[in-house]
Amino acid sequence: MSQLSEESRMMDIQSDLPQPRPAGKAGGVTNRSLVLAILVVSVLWLSFLASALVLGILNPPAPRTAVERSIGVYGDAVEQGTTDAVIWADYISALIAGKQYSRAEGAIEDALAAVTDKTSLILAQRTRLDFELGDYESTVESADGAIAASREETDIMRENFAKRGITSEPDPSPALANAQLLKAQALAELMQFDDAIEVLDEFLETAPSAADALVLRASYKREAGDIDGARADYEQALLYIPDYAAALEGLESIGAID
Amino acid sequence: MREQAMNDDSQVVSSPKSTTRRALILVLTALVLILLGTSYFLYSIIKPVGRVATIEEAGGLEWVRSIYGYGDTLEEQLRQPNDVAIGPDGTIWITDQTKQQVVGFNPDGSFEALLHQGPRGSSPHAFSFPNALAVDEEGLIYVGDSEKDRITVLRRDNTVVLEYVVPDVRSVAVRGDRVVAGSIAGFVILDKAGEVVRLLGTRGQGIDQFDTVSGVAVSPSGMIYAVDTYNNRLSAYDRDGNRLWIRQLGVPGNQGGQIQSEGLSGEEGQSPETQLPLRLTLDGAGRLVVVDSFDFSITVLDPADGHLIGKYGAPGDAEGQFTYPVGIDYDESRDWFAVADLYNSRVQVVRIPDSGNRPLSPVLRSLSGPWRACLFPLALLLMLILVALVVRRRRRSRARAERAAFEQAPAQE
């Protein structure tokens, strides 16, 4: 009798002591420890969510960046039914900068239905969206649309100037420059360097001191094997912005400076 | 035979257990995947939308947030913020020179208050060109107006408490019972009732002369620091206005070239440390921090002699970069600076290294950002670990005691 009770007591004590891991259990993981892990992870996660909600972290009370501000401000104007193409273009530009591409796509459609003039600004934003999405063939196509629309708008302005007796040339729409630069970059992505250079030639006719466009054209000339032309463009860019890092790097890349 | 039976038994018993284990492992894996997915989603919500400069692109600055306006209309956006001051509760007050108003924001960037006395010329107290700002320990707001030649003291409910006449006021600082105001020709030390304690300087380039004091600051010990913008100098004074040192920081009038110090401290022929020094503040480590408009940077200087310690900032319009920064103030409890970024039409909240005054400053910095959401779960985890350790220890000591009792029992028998 005493031997039996001694045995059972021994078993009780042994069950309380740390047990060796039984063979066959993967990494010694027991069901109890798994349940415990699930519980701990769930509780921690829920407490994290609760404190984030209570502290208002998930809902920033004010815009923190220019893009957030622009989406708020221009989005508000758009919701109120503005027909101002500049506001629509700024709104779409902010959406693209915020990488909200599907919203930008929708806003472009809405803008084209809402605005009655300066549609080139909206078409230039479509060009930018295509470029950001990496669809370079569509970029070239939409850039052509924006360039044509912006030239038409300039023609209309010229006629209006003439009617009012103003002899000076109207400023081209800012959409023209944006579309030309994006078209050139898209053509370069498609390895059509000669076409890209041609677009930039046209752009630089109206903006000959645009150092960034000169550097862009120089890099395409370099890719096309025209090293002398590239060098001339890099040097021209340095005339407008002395110590321009991109131009100096370009000259270094063609071995013109050490 | 007996062994075989045992093996068979264990297979029969272990099969449902291993099924449960597999199910639990699956649940745990699914749970972790869900957590990762929702974490990414939450991160995308918390992450600011737009182009934020990296610390390298921002010239060593750590960007916290920018403040652009107090509403969703264009009229409610800041236009030309030209000075900034942080109140004892962390409220960021901003003067907008072209809108003749002072706007207050909470540390999280939300709108707090709009202070003005009507459009320019509409009332005797209306601002004309508010371009200097300070807040005292009680939260009273001191607004310098260079067109009205005065400092207006306001409560945060927009009531005017007092007005001081200070001709051509360009800067203001308040600490304890002293108000210091910089002007074109020098600076004045006032008591809080507006009585002049001492007036220093005349306009010019001589050693005791000034050419636009755009920045003044008072240290906790009462030392006064003054930035002489167009002479490109920094000088320090005791609380009664006796000069302790003066240092040439750069070339007067931002004319380029090298310093000709002519009797001032500042090495002859050294490269300029500042181009157009404007406002200044003191950080938690007691260092002088000057905003340099033409260098698009903030410059940290030694309060003992004005020597350069470091420069932070880069030109640009990405968040964290500057286009003509003109105003600065420091929030000690959050260890951050608010910088008025004039031509980006915003105030940026930024941090620089070593500005805190406590060993736990890095922890405090983290807790003022989104990481504070982890504080409660972390405390909970620590508590769980503690409980688990205590339970384990008790079980082990109980087992040890029982084993000892068991080992002693046969000997007694």
# chains A, B, ... in the order shown; residues from 1 in each chain; ligands from 1
$ closest_atom_pairs --of "chain B" --to "chain A" --cutoff "7 Å" --atoms "only C-alpha atoms" --output "CSV"
residue,atom,partner,partner_atom,distance
B:Arg21,CA,A:Asn31,CA,5.5
B:Leu24,CA,A:Leu34,CA,6.4
B:Ile25,CA,A:Leu34,CA,7.0
B:Leu28,CA,A:Ile38,CA,5.8
B:Ile45,CA,A:Leu58,CA,6.5
B:Ile46,CA,A:Leu58,CA,6.1
B:Pro48,CA,A:Arg64,CA,6.6
B:Val49,CA,A:Gly98,CA,5.3
B:Gly50,CA,A:Gly98,CA,5.1
B:Arg65,CA,A:Arg64,CA,5.1
B:Ser66,CA,A:Arg64,CA,5.0
B:Ile67,CA,A:Arg64,CA,6.2
B:Tyr68,CA,A:Arg69,CA,6.9
B:Asp72,CA,A:Val73,CA,4.5
B:Thr73,CA,A:Val73,CA,5.3
B:Leu74,CA,A:Val73,CA,6.4
B:Gly109,CA,A:Ala62,CA,5.6
B:Ser110,CA,A:Ala62,CA,5.1
B:Glu319,CA,A:Thr65,CA,6.6
B:Pro370,CA,A:Ile57,CA,6.1
B:Ala373,CA,A:Ala52,CA,4.9
B:Cys374,CA,A:Phe48,CA,6.0
B:Phe376,CA,A:Ser51,CA,6.8
B:Pro377,CA,A:Leu44,CA,5.3
B:Ala399,CA,A:Asp16,CA,6.0
B:Glu402,CA,A:Ile13,CA,6.8
B:Arg403,CA,A:Ile13,CA,6.6
$ residues_around --residues "Arg358 of chain B" --least-positions-apart "6" --cutoff "10 Å" --atoms "only C-alpha atoms" --output "number ranges by chain"
B: 284-285, 335, 364
$ residues_around --residues "segment 79-92 of chain B" --least-positions-apart "2" --cutoff "8 Å" --atoms "only C-alpha atoms" --output "count of residues only"
37
$ select_by_dssp --residues "segment 30-157 of chain B" --states "helix (DSSP H, G or I)" --output "number ranges by chain"
B: 30-46, 74-76
$ write_last_selection --atoms "C-alpha atoms" --output "PDB file, in the first residue's frame"
ATOM      1  CA  ALA B  30      -2.688  32.823 -41.001  1.00  0.00           C
ATOM      2  CA  LEU B  31      -2.810  35.188 -38.055  1.00  0.00           C
ATOM      3  CA  VAL B  32       0.761  36.366 -38.658  1.00  0.00           C
ATOM      4  CA  LEU B  33       0.010  36.863 -42.380  1.00  0.00           C
ATOM      5  CA  ILE B  34      -3.131  38.860 -41.541  1.00  0.00           C
ATOM      6  CA  LEU B  35      -1.121  40.951 -39.101  1.00  0.00           C
ATOM      7  CA  LEU B  36       1.542  41.623 -41.731  1.00  0.00           C
ATOM      8  CA  GLY B  37      -1.133  42.598 -44.254  1.00  0.00           C
ATOM      9  CA  THR B  38      -2.940  44.942 -41.897  1.00  0.00           C
ATOM     10  CA  SER B  39       0.408  46.362 -40.715  1.00  0.00           C
ATOM     11  CA  TYR B  40       1.250  47.263 -44.308  1.00  0.00           C
ATOM     12  CA  PHE B  41      -2.198  48.812 -44.728  1.00  0.00           C
ATOM     13  CA  LEU B  42      -1.811  50.835 -41.528  1.00  0.00           C
ATOM     14  CA  TYR B  43       1.691  51.903 -42.576  1.00  0.00           C
ATOM     15  CA  SER B  44       0.293  53.169 -45.878  1.00  0.00           C
ATOM     16  CA  ILE B  45      -2.233  55.252 -43.894  1.00  0.00           C
ATOM     17  CA  ILE B  46       0.352  56.633 -41.492  1.00  0.00           C
ATOM     18  CA  LEU B  74      -6.975  78.359 -50.676  1.00  0.00           C
ATOM     19  CA  GLU B  75      -7.762  81.364 -48.436  1.00  0.00           C
ATOM     20  CA  GLU B  76      -7.054  79.255 -45.372  1.00  0.00           C
TER      21      GLU B  76
END
$ residues_around --residues "Asp295 of chain B" --least-positions-apart "2" --cutoff "10 Å" --atoms "only C-alpha atoms" --output "JSON, numbers by chain"
{"B": [273, 274, 275, 276, 277, 291, 292, 293, 297, 298, 299, 311, 312, 313, 314, 315, 322, 323, 324, 325]}
$ write_last_selection --atoms "C-alpha atoms" --output "PDB file, in the first residue's frame"
ATOM      1  CA  GLU B 273      29.825  80.480 -41.611  1.00  0.00           C
ATOM      2  CA  THR B 274      26.555  82.209 -42.470  1.00  0.00           C
ATOM      3  CA  GLN B 275      25.272  84.087 -45.508  1.00  0.00           C
ATOM      4  CA  LEU B 276      22.145  85.850 -44.263  1.00  0.00           C
ATOM      5  CA  PRO B 277      21.620  84.973 -40.584  1.00  0.00           C
ATOM      6  CA  VAL B 291      18.286  80.185 -39.412  1.00  0.00           C
ATOM      7  CA  ASP B 292      20.329  81.197 -42.472  1.00  0.00           C
ATOM      8  CA  SER B 293      17.994  82.276 -45.242  1.00  0.00           C
ATOM      9  CA  SER B 297      19.960  75.954 -43.634  1.00  0.00           C
ATOM     10  CA  ILE B 298      19.950  76.133 -39.872  1.00  0.00           C
ATOM     11  CA  THR B 299      23.335  76.741 -38.291  1.00  0.00           C
ATOM     12  CA  LYS B 311      24.888  73.110 -40.364  1.00  0.00           C
ATOM     13  CA  TYR B 312      21.720  71.316 -41.418  1.00  0.00           C
ATOM     14  CA  GLY B 313      19.381  71.830 -44.358  1.00  0.00           C
ATOM     15  CA  ALA B 314      19.218  71.810 -48.144  1.00  0.00           C
ATOM     16  CA  PRO B 315      17.423  73.900 -50.782  1.00  0.00           C
ATOM     17  CA  PHE B 322      13.892  74.881 -47.517  1.00  0.00           C
ATOM     18  CA  THR B 323      13.276  77.800 -49.851  1.00  0.00           C
ATOM     19  CA  TYR B 324      14.316  80.859 -47.812  1.00  0.00           C
ATOM     20  CA  PRO B 325      13.819  79.787 -44.212  1.00  0.00           C
TER      21      PRO B 325
END
$ atom_distance --atom1 "atom CA of Ala146 of chain A" --atom2 "atom CA of Ala213 of chain A"
18.8 Å
$ atom_distance --atom1 "atom CA of Ser138 of chain A" --atom2 "atom CA of Ala114 of chain A"
23.1 Å
$ decode --residues "segment 120-145 of chain A" --atoms "N, CA and C atoms" --output "mmCIF file, in the first residue's frame"
data_model
loop_
_atom_site.group_PDB
_atom_site.id
_atom_site.type_symbol
_atom_site.label_atom_id
_atom_site.label_comp_id
_atom_site.auth_asym_id
_atom_site.auth_seq_id
_atom_site.Cartn_x
_atom_site.Cartn_y
_atom_site.Cartn_z
ATOM 1 N N SER A 120 -5.741 71.655 -72.597
ATOM 2 C CA SER A 120 -4.367 71.150 -72.765
ATOM 3 C C SER A 120 -3.734 70.845 -71.408
ATOM 4 N N LEU A 121 -4.143 71.619 -70.375
ATOM 5 C CA LEU A 121 -3.588 71.375 -69.031
ATOM 6 C C LEU A 121 -3.975 69.989 -68.526
ATOM 7 N N ILE A 122 -5.205 69.592 -68.839
ATOM 8 C CA ILE A 122 -5.690 68.272 -68.396
ATOM 9 C C ILE A 122 -5.005 67.175 -69.229
ATOM 10 N N LEU A 123 -4.879 67.434 -70.528
ATOM 11 C CA LEU A 123 -4.243 66.431 -71.391
ATOM 12 C C LEU A 123 -2.768 66.248 -71.015
ATOM 13 N N ALA A 124 -2.131 67.334 -70.578
ATOM 14 C CA ALA A 124 -0.732 67.217 -70.125
ATOM 15 C C ALA A 124 -0.649 66.343 -68.873
ATOM 16 N N GLN A 125 -1.683 66.434 -68.028
ATOM 17 C CA GLN A 125 -1.701 65.570 -66.830
ATOM 18 C C GLN A 125 -1.901 64.107 -67.226
ATOM 19 N N ARG A 126 -2.702 63.879 -68.273
ATOM 20 C CA ARG A 126 -2.864 62.491 -68.753
ATOM 21 C C ARG A 126 -1.499 61.965 -69.242
ATOM 22 N N THR A 127 -0.753 62.828 -69.927
ATOM 23 C CA THR A 127 0.582 62.434 -70.405
ATOM 24 C C THR A 127 1.449 62.027 -69.214
ATOM 25 N N ARG A 128 1.359 62.851 -68.181
ATOM 26 C CA ARG A 128 2.182 62.580 -67.005
ATOM 27 C C ARG A 128 1.768 61.265 -66.347
ATOM 28 N N LEU A 129 0.464 61.026 -66.290
ATOM 29 C CA LEU A 129 -0.017 59.784 -65.675
ATOM 30 C C LEU A 129 0.478 58.574 -66.469
ATOM 31 N N ASP A 130 0.374 58.653 -67.792
ATOM 32 C CA ASP A 130 0.856 57.543 -68.625
ATOM 33 C C ASP A 130 2.349 57.299 -68.383
ATOM 34 N N PHE A 131 3.081 58.400 -68.270
ATOM 35 C CA PHE A 131 4.520 58.270 -68.068
ATOM 36 C C PHE A 131 4.807 57.631 -66.705
ATOM 37 N N GLU A 132 4.098 58.093 -65.671
ATOM 38 C CA GLU A 132 4.312 57.539 -64.322
ATOM 39 C C GLU A 132 3.967 56.048 -64.281
ATOM 40 N N LEU A 133 2.967 55.656 -65.100
ATOM 41 C CA LEU A 133 2.566 54.243 -65.127
ATOM 42 C C LEU A 133 3.506 53.403 -65.984
ATOM 43 N N GLY A 134 4.464 54.062 -66.624
ATOM 44 C CA GLY A 134 5.442 53.332 -67.438
ATOM 45 C C GLY A 134 4.917 52.920 -68.798
ATOM 46 N N ASP A 135 3.796 53.497 -69.218
ATOM 47 C CA ASP A 135 3.234 53.168 -70.541
ATOM 48 C C ASP A 135 3.742 54.230 -71.528
ATOM 49 N N TYR A 136 4.928 53.990 -72.093
ATOM 50 C CA TYR A 136 5.611 55.037 -72.860
ATOM 51 C C TYR A 136 4.970 55.278 -74.234
ATOM 52 N N GLU A 137 4.399 54.227 -74.812
ATOM 53 C CA GLU A 137 3.728 54.438 -76.109
ATOM 54 C C GLU A 137 2.500 55.337 -75.940
ATOM 55 N N SER A 138 1.724 55.066 -74.861
ATOM 56 C CA SER A 138 0.573 55.939 -74.576
ATOM 57 C C SER A 138 1.026 57.346 -74.227
ATOM 58 N N THR A 139 2.182 57.445 -73.573
ATOM 59 C CA THR A 139 2.707 58.772 -73.208
ATOM 60 C C THR A 139 2.936 59.605 -74.466
ATOM 61 N N VAL A 140 3.560 58.971 -75.470
ATOM 62 C CA VAL A 140 3.840 59.693 -76.719
ATOM 63 C C VAL A 140 2.529 60.144 -77.364
ATOM 64 N N GLU A 141 1.557 59.220 -77.348
ATOM 65 C CA GLU A 141 0.254 59.519 -77.959
ATOM 66 C C GLU A 141 -0.459 60.662 -77.226
ATOM 67 N N SER A 142 -0.508 60.559 -75.883
ATOM 68 C CA SER A 142 -1.231 61.609 -75.147
ATOM 69 C C SER A 142 -0.462 62.927 -75.179
ATOM 70 N N ALA A 143 0.874 62.854 -75.273
ATOM 71 C CA ALA A 143 1.662 64.091 -75.389
ATOM 72 C C ALA A 143 1.325 64.805 -76.692
ATOM 73 N N ASP A 144 1.171 64.031 -77.763
ATOM 74 C CA ASP A 144 0.808 64.645 -79.051
ATOM 75 C C ASP A 144 -0.534 65.372 -78.937
ATOM 76 N N GLY A 145 -1.478 64.732 -78.220
ATOM 77 C CA GLY A 145 -2.795 65.359 -78.006
ATOM 78 C C GLY A 145 -2.658 66.657 -77.231
#
